[in-house]
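Q: Before anything else, here's the structure in question.
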Amino acid sequence: MDILAMEEWERKFVVLNTSDVDDQLMNGLWHSMDLTSQDNHLQNQWVREFERQEGEKEDDQIVAEIMGRRFFPDLIAYKAWEGFHFADHEIRITEATDCYGAVVWPSALVLCYFLETNSKQYNLVDKNVIEIGAGTGLVSIVASLLGAFVTATDLPELLGNLQHNVLQNTKQKCKHQPCVKELSWGIDLEKNFPKSSCNFDYIMAADVVYHHPFLDELLQTFDHLCNNDTVILWAMKFRLENENRFVDRFQTLFDLEMISNFPSLNIALYKAMRKGRMKARPSQLRV
Ligand SMILES: C[S@@+](CC[C@H](N)C(=O)[O-])C[C@H]1O[C@@H](n2cnc3c(N)ncnc32)[C@H](O)[C@@H]1O
């Protein structure tokens, strides 16, 4: 089969056909289409519908896999905790009493799953990583277990529990012991994180955009910490229209690429870099 000689839409069918496609659906599609006589419009419609169905299936499957990484104690424990399997480790996270930093949010699982399953392309070994709004610390812990030197940050009142979780899950298990530091968005940035010494390879953030009054400060923090080569990995949970518009504001400073999308969770995972610094994306064609 000469793939290169094919039309774009035909190639898509071959690509889909060679992946684990539902045979019956595929047969039905091929049967109902007279490939030589259908016009492009109809062909595109079929492709779109097929991709939509495939996308939904993939969303369900991967979301189930991601959520399957979470487990809970068998017995009621003295301290509330939840467990996770990532990076070949069992991770136990103690919940805090604070509202937003209390639990691990699904966006954090999405980001951890991405880091684990894309560890070749996004090799974290010896990389300098900062997480903002780290909460209970799962993302920072997984990045540390994958070999990065991590700074986990959050508001001062969150740091006790964050420190406890980070220590408990990384001590003598990591190449570089992570550190925990206060970072209140927009506050004392130059004093606590001088721009001249901000040499982060990655900034990570999970579920930092929601109904709070610090969206300007959040953007300012991304801007301050990010140098020309820093890659931002940001898991965004879409909730309310007003907060969702933060994505547009973010794009005034950064180029954005959606690298995973889970419509059933309303979560998208973005890679971002300073404007003009993102390399062209390689073809997605799986031939
Ligand atoms: C929804 S939680 C997400 C926590 C964690 N990233 C996760 O996904 O499980 C939002 C986090 O942002 C932090 N946060 C909120 N406002 C902040 C601010 N002004 N400065 C720094 N951190 C803040 C909260 O303390 C909390 O840990």
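In the structure tokens, chains take the letters A, B, ... in the order shown, each chain's residues start at 1, and ligands count up from 1 in the order shown.
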May I have the residues within 10 Å of A:Pro73 as a list in words, using only C-alpha atoms and disregarding those fewer than 6 positions away in the same chain?

A: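 These residues fall inside the cut-off: Ala80, Trp81, Glu82, Gly83 and Arg92 of chain A.
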
Q: Sort by chain and increasing residue number a table of all residues of chain A within 9 Å of ligand 1, each with its closest pair of atoms and their distance in Å to one decimal, counting only C-alpha atoms and all ligand atoms, and write it as JSON lines.

A:
```
{"residue": "A:Asp98", "atom": "CA", "partner": "ligand 1", "partner_atom_place_in_ligand_line": "25 (O)", "distance": 7.9}
{"residue": "A:Cys99", "atom": "CA", "partner": "ligand 1", "partner_atom_place_in_ligand_line": "25 (O)", "distance": 8.2}
{"residue": "A:Tyr100", "atom": "CA", "partner": "ligand 1", "partner_atom_place_in_ligand_line": "2 (S)", "distance": 4.6}
{"residue": "A:Gly101", "atom": "CA", "partner": "ligand 1", "partner_atom_place_in_ligand_line": "27 (O)", "distance": 3.8}
{"residue": "A:Ala102", "atom": "CA", "partner": "ligand 1", "partner_atom_place_in_ligand_line": "27 (O)", "distance": 7.5}
{"residue": "A:Val103", "atom": "CA", "partner": "ligand 1", "partner_atom_place_in_ligand_line": "9 (O)", "distance": 6.0}
{"residue": "A:Val104", "atom": "CA", "partner": "ligand 1", "partner_atom_place_in_ligand_line": "9 (O)", "distance": 3.7}
{"residue": "A:Trp105", "atom": "CA", "partner": "ligand 1", "partner_atom_place_in_ligand_line": "9 (O)", "distance": 3.9}
{"residue": "A:Pro106", "atom": "CA", "partner": "ligand 1", "partner_atom_place_in_ligand_line": "8 (O)", "distance": 6.4}
{"residue": "A:Ser107", "atom": "CA", "partner": "ligand 1", "partner_atom_place_in_ligand_line": "8 (O)", "distance": 5.2}
{"residue": "A:Ala108", "atom": "CA", "partner": "ligand 1", "partner_atom_place_in_ligand_line": "8 (O)", "distance": 4.0}
{"residue": "A:Leu109", "atom": "CA", "partner": "ligand 1", "partner_atom_place_in_ligand_line": "8 (O)", "distance": 7.5}
{"residue": "A:Leu111", "atom": "CA", "partner": "ligand 1", "partner_atom_place_in_ligand_line": "8 (O)", "distance": 8.7}
{"residue": "A:Glu131", "atom": "CA", "partner": "ligand 1", "partner_atom_place_in_ligand_line": "6 (N)", "distance": 8.1}
{"residue": "A:Ile132", "atom": "CA", "partner": "ligand 1", "partner_atom_place_in_ligand_line": "22 (N)", "distance": 6.5}
{"residue": "A:Gly133", "atom": "CA", "partner": "ligand 1", "partner_atom_place_in_ligand_line": "12 (O)", "distance": 3.7}
{"residue": "A:Ala134", "atom": "CA", "partner": "ligand 1", "partner_atom_place_in_ligand_line": "6 (N)", "distance": 4.3}
{"residue": "A:Gly135", "atom": "CA", "partner": "ligand 1", "partner_atom_place_in_ligand_line": "27 (O)", "distance": 3.2}
{"residue": "A:Thr136", "atom": "CA", "partner": "ligand 1", "partner_atom_place_in_ligand_line": "9 (O)", "distance": 6.1}
{"residue": "A:Gly137", "atom": "CA", "partner": "ligand 1", "partner_atom_place_in_ligand_line": "5 (C)", "distance": 6.7}
{"residue": "A:Leu138", "atom": "CA", "partner": "ligand 1", "partner_atom_place_in_ligand_line": "9 (O)", "distance": 6.9}
{"residue": "A:Val139", "atom": "CA", "partner": "ligand 1", "partner_atom_place_in_ligand_line": "6 (N)", "distance": 7.3}
{"residue": "A:Thr153", "atom": "CA", "partner": "ligand 1", "partner_atom_place_in_ligand_line": "22 (N)", "distance": 7.4}
{"residue": "A:Asp154", "atom": "CA", "partner": "ligand 1", "partner_atom_place_in_ligand_line": "22 (N)", "distance": 4.4}
{"residue": "A:Leu155", "atom": "CA", "partner": "ligand 1", "partner_atom_place_in_ligand_line": "21 (C)", "distance": 4.7}
{"residue": "A:Pro156", "atom": "CA", "partner": "ligand 1", "partner_atom_place_in_ligand_line": "21 (C)", "distance": 8.4}
{"residue": "A:Glu157", "atom": "CA", "partner": "ligand 1", "partner_atom_place_in_ligand_line": "25 (O)", "distance": 8.0}
{"residue": "A:Leu158", "atom": "CA", "partner": "ligand 1", "partner_atom_place_in_ligand_line": "25 (O)", "distance": 6.2}
{"residue": "A:Glu182", "atom": "CA", "partner": "ligand 1", "partner_atom_place_in_ligand_line": "21 (C)", "distance": 8.0}
{"residue": "A:Leu183", "atom": "CA", "partner": "ligand 1", "partner_atom_place_in_ligand_line": "21 (C)", "distance": 5.6}
{"residue": "A:Ser184", "atom": "CA", "partner": "ligand 1", "partner_atom_place_in_ligand_line": "20 (N)", "distance": 3.5}
{"residue": "A:Trp185", "atom": "CA", "partner": "ligand 1", "partner_atom_place_in_ligand_line": "20 (N)", "distance": 4.0}
{"residue": "A:Gly186", "atom": "CA", "partner": "ligand 1", "partner_atom_place_in_ligand_line": "19 (N)", "distance": 7.5}
{"residue": "A:Ile187", "atom": "CA", "partner": "ligand 1", "partner_atom_place_in_ligand_line": "20 (N)", "distance": 8.2}
{"residue": "A:Met204", "atom": "CA", "partner": "ligand 1", "partner_atom_place_in_ligand_line": "6 (N)", "distance": 8.8}
{"residue": "A:Ala205", "atom": "CA", "partner": "ligand 1", "partner_atom_place_in_ligand_line": "6 (N)", "distance": 6.1}
{"residue": "A:Ala206", "atom": "CA", "partner": "ligand 1", "partner_atom_place_in_ligand_line": "6 (N)", "distance": 4.2}
{"residue": "A:Asp207", "atom": "CA", "partner": "ligand 1", "partner_atom_place_in_ligand_line": "3 (C)", "distance": 4.8}
{"residue": "A:Val208", "atom": "CA", "partner": "ligand 1", "partner_atom_place_in_ligand_line": "10 (C)", "distance": 4.8}
{"residue": "A:Val209", "atom": "CA", "partner": "ligand 1", "partner_atom_place_in_ligand_line": "10 (C)", "distance": 7.5}
{"residue": "A:Tyr210", "atom": "CA", "partner": "ligand 1", "partner_atom_place_in_ligand_line": "1 (C)", "distance": 7.2}
{"residue": "A:His212", "atom": "CA", "partner": "ligand 1", "partner_atom_place_in_ligand_line": "16 (N)", "distance": 6.9}
{"residue": "A:Pro213", "atom": "CA", "partner": "ligand 1", "partner_atom_place_in_ligand_line": "19 (N)", "distance": 7.9}
{"residue": "A:Phe214", "atom": "CA", "partner": "ligand 1", "partner_atom_place_in_ligand_line": "19 (N)", "distance": 5.5}
{"residue": "A:Leu215", "atom": "CA", "partner": "ligand 1", "partner_atom_place_in_ligand_line": "19 (N)", "distance": 8.2}
{"residue": "A:Glu217", "atom": "CA", "partner": "ligand 1", "partner_atom_place_in_ligand_line": "19 (N)", "distance": 7.2}
{"residue": "A:Leu218", "atom": "CA", "partner": "ligand 1", "partner_atom_place_in_ligand_line": "19 (N)", "distance": 7.2}
{"residue": "A:Ala235", "atom": "CA", "partner": "ligand 1", "partner_atom_place_in_ligand_line": "8 (O)", "distance": 8.2}
```

Q: My list of candidates is A:Phe193, A:Trp234, A:Phe86, A:Phe114. Which is closest to A:Ile141 when distances are computed with only C-alpha atoms?

A: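 Among the listed residues, the smallest separation from A:Ile141 belongs to A:Phe86.
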
Q: Please return as a short mmCIF file (atom, residue, chain, number, x, y, z; two decimals) with N, CA and C atoms, in the first residue's frame: the residues of stretch 27-261 of chain A that backbone DSSP assigns to alpha helix (DSSP H).

A:
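As a result, result_22.cif now contains:
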```cif
data_model
loop_
_atom_site.label_atom_id
_atom_site.label_comp_id
_atom_site.auth_asym_id
_atom_site.auth_seq_id
_atom_site.Cartn_x
_atom_site.Cartn_y
_atom_site.Cartn_z
N ASN A 27 -15.87 -2.27 9.28
CA ASN A 27 -16.48 -2.94 8.14
C ASN A 27 -17.71 -2.19 7.66
N GLY A 28 -18.52 -1.77 8.63
CA GLY A 28 -19.73 -1.03 8.30
C GLY A 28 -19.40 0.24 7.54
N LEU A 29 -18.35 0.91 8.00
CA LEU A 29 -17.96 2.16 7.35
C LEU A 29 -17.51 1.92 5.92
N TRP A 30 -16.63 0.94 5.76
CA TRP A 30 -16.11 0.67 4.42
C TRP A 30 -17.24 0.26 3.48
N HIS A 31 -18.14 -0.60 4.03
CA HIS A 31 -19.23 -1.12 3.23
C HIS A 31 -20.14 -0.01 2.76
N SER A 32 -20.44 0.90 3.66
CA SER A 32 -21.42 1.93 3.32
C SER A 32 -20.81 3.06 2.50
N ASN A 40 -15.74 14.60 -1.26
CA ASN A 40 -14.86 14.85 -0.11
C ASN A 40 -15.63 15.18 1.16
N HIS A 41 -16.72 15.92 0.97
CA HIS A 41 -17.48 16.35 2.13
C HIS A 41 -17.97 15.14 2.93
N LEU A 42 -18.54 14.18 2.23
CA LEU A 42 -19.07 13.00 2.90
C LEU A 42 -17.93 12.20 3.56
N GLN A 43 -16.85 12.10 2.81
CA GLN A 43 -15.70 11.36 3.37
C GLN A 43 -15.21 12.02 4.65
N ASN A 44 -15.13 13.35 4.62
CA ASN A 44 -14.67 14.06 5.81
C ASN A 44 -15.62 13.87 6.98
N GLN A 45 -16.92 13.85 6.64
CA GLN A 45 -17.91 13.64 7.71
C GLN A 45 -17.71 12.28 8.37
N TRP A 46 -17.50 11.28 7.55
CA TRP A 46 -17.28 9.93 8.08
C TRP A 46 -16.04 9.90 8.96
N VAL A 47 -14.99 10.52 8.45
CA VAL A 47 -13.73 10.52 9.21
C VAL A 47 -13.94 11.19 10.56
N ARG A 48 -14.64 12.35 10.51
CA ARG A 48 -14.85 13.09 11.76
C ARG A 48 -15.67 12.27 12.75
N GLU A 49 -16.74 11.64 12.25
CA GLU A 49 -17.59 10.85 13.14
C GLU A 49 -16.81 9.67 13.72
N PHE A 50 -16.02 9.05 12.84
CA PHE A 50 -15.23 7.92 13.29
C PHE A 50 -14.22 8.36 14.35
N GLU A 51 -13.56 9.49 14.10
CA GLU A 51 -12.57 9.99 15.05
C GLU A 51 -13.23 10.36 16.38
N ARG A 52 -14.45 10.93 16.27
CA ARG A 52 -15.15 11.30 17.50
C ARG A 52 -15.42 10.07 18.36
N GLN A 53 -15.91 8.99 17.67
CA GLN A 53 -16.21 7.77 18.42
C GLN A 53 -14.94 7.16 19.00
N GLU A 54 -13.89 7.18 18.20
CA GLU A 54 -12.61 6.66 18.68
C GLU A 54 -12.11 7.48 19.86
N GLY A 55 -12.25 8.80 19.74
CA GLY A 55 -11.81 9.71 20.79
C GLY A 55 -12.54 9.42 22.10
N GLU A 56 -13.85 9.20 22.01
CA GLU A 56 -14.64 8.90 23.20
C GLU A 56 -14.18 7.61 23.85
N LYS A 57 -13.92 6.61 22.98
CA LYS A 57 -13.48 5.31 23.51
C LYS A 57 -12.15 5.46 24.23
N GLU A 58 -11.24 6.23 23.59
CA GLU A 58 -9.91 6.42 24.16
C GLU A 58 -10.01 7.18 25.47
N ASP A 59 -10.87 8.22 25.48
CA ASP A 59 -11.08 9.01 26.69
C ASP A 59 -11.52 8.09 27.83
N ASP A 60 -12.57 7.26 27.58
CA ASP A 60 -13.08 6.36 28.63
C ASP A 60 -11.99 5.43 29.13
N GLN A 61 -11.27 4.82 28.17
CA GLN A 61 -10.27 3.82 28.55
C GLN A 61 -9.14 4.45 29.37
N ILE A 62 -8.62 5.56 28.87
CA ILE A 62 -7.46 6.14 29.56
C ILE A 62 -7.87 6.73 30.90
N VAL A 63 -9.05 7.37 30.92
CA VAL A 63 -9.51 7.94 32.19
C VAL A 63 -9.67 6.82 33.24
N ALA A 64 -10.22 5.67 32.80
CA ALA A 64 -10.36 4.55 33.74
C ALA A 64 -8.98 4.10 34.23
N GLU A 65 -8.03 4.09 33.32
CA GLU A 65 -6.67 3.67 33.70
C GLU A 65 -6.04 4.67 34.68
N ILE A 66 -6.24 5.95 34.37
CA ILE A 66 -5.66 6.98 35.26
C ILE A 66 -6.28 6.88 36.65
N MET A 67 -7.61 6.81 36.69
CA MET A 67 -8.28 6.78 37.99
C MET A 67 -8.00 5.47 38.74
N PRO A 106 -8.12 15.48 40.41
CA PRO A 106 -7.93 14.64 39.21
C PRO A 106 -6.90 15.18 38.22
N SER A 107 -6.78 16.50 38.13
CA SER A 107 -5.78 17.06 37.21
C SER A 107 -4.37 16.59 37.56
N ALA A 108 -4.12 16.42 38.86
CA ALA A 108 -2.79 15.97 39.29
C ALA A 108 -2.54 14.55 38.78
N LEU A 109 -3.58 13.72 38.83
CA LEU A 109 -3.43 12.34 38.33
C LEU A 109 -3.16 12.34 36.83
N VAL A 110 -3.87 13.21 36.12
CA VAL A 110 -3.67 13.31 34.67
C VAL A 110 -2.21 13.68 34.36
N LEU A 111 -1.69 14.65 35.09
CA LEU A 111 -0.31 15.09 34.85
C LEU A 111 0.68 13.99 35.23
N CYS A 112 0.45 13.33 36.37
CA CYS A 112 1.36 12.24 36.79
C CYS A 112 1.35 11.11 35.77
N TYR A 113 0.18 10.77 35.28
CA TYR A 113 0.07 9.69 34.29
C TYR A 113 0.85 10.07 33.03
N PHE A 114 0.72 11.32 32.64
CA PHE A 114 1.44 11.79 31.45
C PHE A 114 2.95 11.70 31.68
N LEU A 115 3.40 12.14 32.84
CA LEU A 115 4.85 12.13 33.11
C LEU A 115 5.38 10.70 33.08
N GLU A 116 4.61 9.80 33.67
CA GLU A 116 5.06 8.40 33.72
C GLU A 116 5.06 7.76 32.34
N THR A 117 4.01 7.99 31.57
CA THR A 117 3.88 7.28 30.29
C THR A 117 4.63 8.00 29.15
N LEU A 138 1.41 15.34 45.06
CA LEU A 138 1.58 14.14 44.22
C LEU A 138 2.45 14.37 42.99
N VAL A 139 2.20 15.47 42.27
CA VAL A 139 2.97 15.72 41.03
C VAL A 139 4.45 15.89 41.36
N SER A 140 4.75 16.64 42.39
CA SER A 140 6.15 16.84 42.79
C SER A 140 6.80 15.51 43.16
N ILE A 141 6.05 14.68 43.85
CA ILE A 141 6.59 13.37 44.27
C ILE A 141 6.90 12.51 43.04
N VAL A 142 5.96 12.45 42.11
CA VAL A 142 6.16 11.62 40.91
C VAL A 142 7.33 12.15 40.08
N ALA A 143 7.41 13.47 39.94
CA ALA A 143 8.53 14.06 39.18
C ALA A 143 9.86 13.72 39.86
N SER A 144 9.87 13.73 41.20
CA SER A 144 11.09 13.37 41.93
C SER A 144 11.43 11.90 41.71
N LEU A 145 10.43 11.05 41.79
CA LEU A 145 10.68 9.61 41.59
C LEU A 145 11.18 9.33 40.17
N LEU A 159 2.22 24.16 53.65
CA LEU A 159 3.57 23.60 53.55
C LEU A 159 3.84 22.44 54.51
N GLY A 160 3.20 22.45 55.69
CA GLY A 160 3.44 21.38 56.67
C GLY A 160 3.05 20.02 56.09
N ASN A 161 1.83 19.95 55.60
CA ASN A 161 1.35 18.67 55.05
C ASN A 161 2.09 18.30 53.76
N LEU A 162 2.38 19.34 52.96
CA LEU A 162 3.12 19.10 51.71
C LEU A 162 4.50 18.52 52.02
N GLN A 163 5.17 19.12 52.97
CA GLN A 163 6.50 18.64 53.38
C GLN A 163 6.41 17.20 53.88
N HIS A 164 5.40 16.91 54.68
CA HIS A 164 5.22 15.56 55.22
C HIS A 164 5.07 14.54 54.09
N ASN A 165 4.19 14.86 53.13
CA ASN A 165 3.96 13.91 52.02
C ASN A 165 5.20 13.74 51.15
N VAL A 166 5.84 14.85 50.86
CA VAL A 166 7.02 14.79 49.99
C VAL A 166 8.11 13.95 50.65
N LEU A 167 8.34 14.21 51.93
CA LEU A 167 9.39 13.47 52.65
C LEU A 167 9.06 11.98 52.72
N GLN A 168 7.85 11.71 53.17
CA GLN A 168 7.43 10.31 53.37
C GLN A 168 7.56 9.47 52.09
N ASN A 169 7.34 10.12 50.95
CA ASN A 169 7.31 9.34 49.69
C ASN A 169 8.58 9.42 48.86
N THR A 170 9.52 10.24 49.28
CA THR A 170 10.72 10.37 48.44
C THR A 170 12.02 10.04 49.17
N LEU A 189 8.17 37.65 44.50
CA LEU A 189 8.75 36.70 43.54
C LEU A 189 10.24 36.94 43.35
N GLU A 190 10.61 38.20 43.16
CA GLU A 190 12.02 38.50 42.89
C GLU A 190 12.87 38.22 44.12
N LYS A 191 12.29 38.46 45.30
CA LYS A 191 13.04 38.23 46.54
C LYS A 191 13.28 36.72 46.75
N ASN A 192 12.22 35.93 46.58
CA ASN A 192 12.33 34.50 46.90
C ASN A 192 12.80 33.65 45.73
N LEU A 215 -5.88 35.23 39.79
CA LEU A 215 -5.52 34.80 38.43
C LEU A 215 -4.45 35.71 37.82
N ASP A 216 -4.52 37.02 38.09
CA ASP A 216 -3.47 37.93 37.59
C ASP A 216 -2.12 37.53 38.17
N GLU A 217 -2.13 37.26 39.47
CA GLU A 217 -0.89 36.90 40.17
C GLU A 217 -0.36 35.55 39.67
N LEU A 218 -1.29 34.67 39.33
CA LEU A 218 -0.87 33.36 38.80
C LEU A 218 -0.14 33.54 37.47
N LEU A 219 -0.70 34.37 36.61
CA LEU A 219 -0.07 34.62 35.31
C LEU A 219 1.30 35.29 35.50
N GLN A 220 1.33 36.21 36.41
CA GLN A 220 2.58 36.91 36.73
C GLN A 220 3.64 35.90 37.23
N THR A 221 3.19 34.91 37.98
CA THR A 221 4.12 33.90 38.52
C THR A 221 4.68 33.03 37.40
N PHE A 222 3.80 32.56 36.51
CA PHE A 222 4.28 31.79 35.35
C PHE A 222 5.33 32.62 34.61
N ASP A 223 5.01 33.90 34.40
CA ASP A 223 5.89 34.78 33.64
C ASP A 223 7.24 34.94 34.33
N HIS A 224 7.19 35.10 35.63
CA HIS A 224 8.44 35.33 36.38
C HIS A 224 9.34 34.09 36.36
N LEU A 225 8.73 32.91 36.53
CA LEU A 225 9.54 31.69 36.68
C LEU A 225 10.05 31.14 35.35
N GLU A 241 -17.00 29.75 32.96
CA GLU A 241 -16.62 30.52 31.77
C GLU A 241 -15.56 31.58 32.10
N ASN A 242 -15.78 32.30 33.18
CA ASN A 242 -14.88 33.40 33.54
C ASN A 242 -13.44 32.90 33.76
N GLU A 243 -13.31 31.82 34.54
CA GLU A 243 -11.98 31.28 34.82
C GLU A 243 -11.40 30.60 33.57
N ASN A 244 -12.28 29.98 32.78
CA ASN A 244 -11.79 29.31 31.57
C ASN A 244 -11.08 30.28 30.63
N PHE A 246 -9.01 32.32 31.31
CA PHE A 246 -7.60 32.46 31.69
C PHE A 246 -6.70 31.88 30.59
N VAL A 247 -7.20 30.86 29.91
CA VAL A 247 -6.40 30.23 28.84
C VAL A 247 -6.06 31.27 27.77
N ASP A 248 -7.02 32.15 27.44
CA ASP A 248 -6.75 33.19 26.44
C ASP A 248 -5.71 34.19 26.94
N ARG A 249 -5.85 34.56 28.21
CA ARG A 249 -4.87 35.51 28.77
C ARG A 249 -3.48 34.87 28.81
N PHE A 250 -3.46 33.61 29.15
CA PHE A 250 -2.19 32.88 29.20
C PHE A 250 -1.49 32.93 27.84
#
```
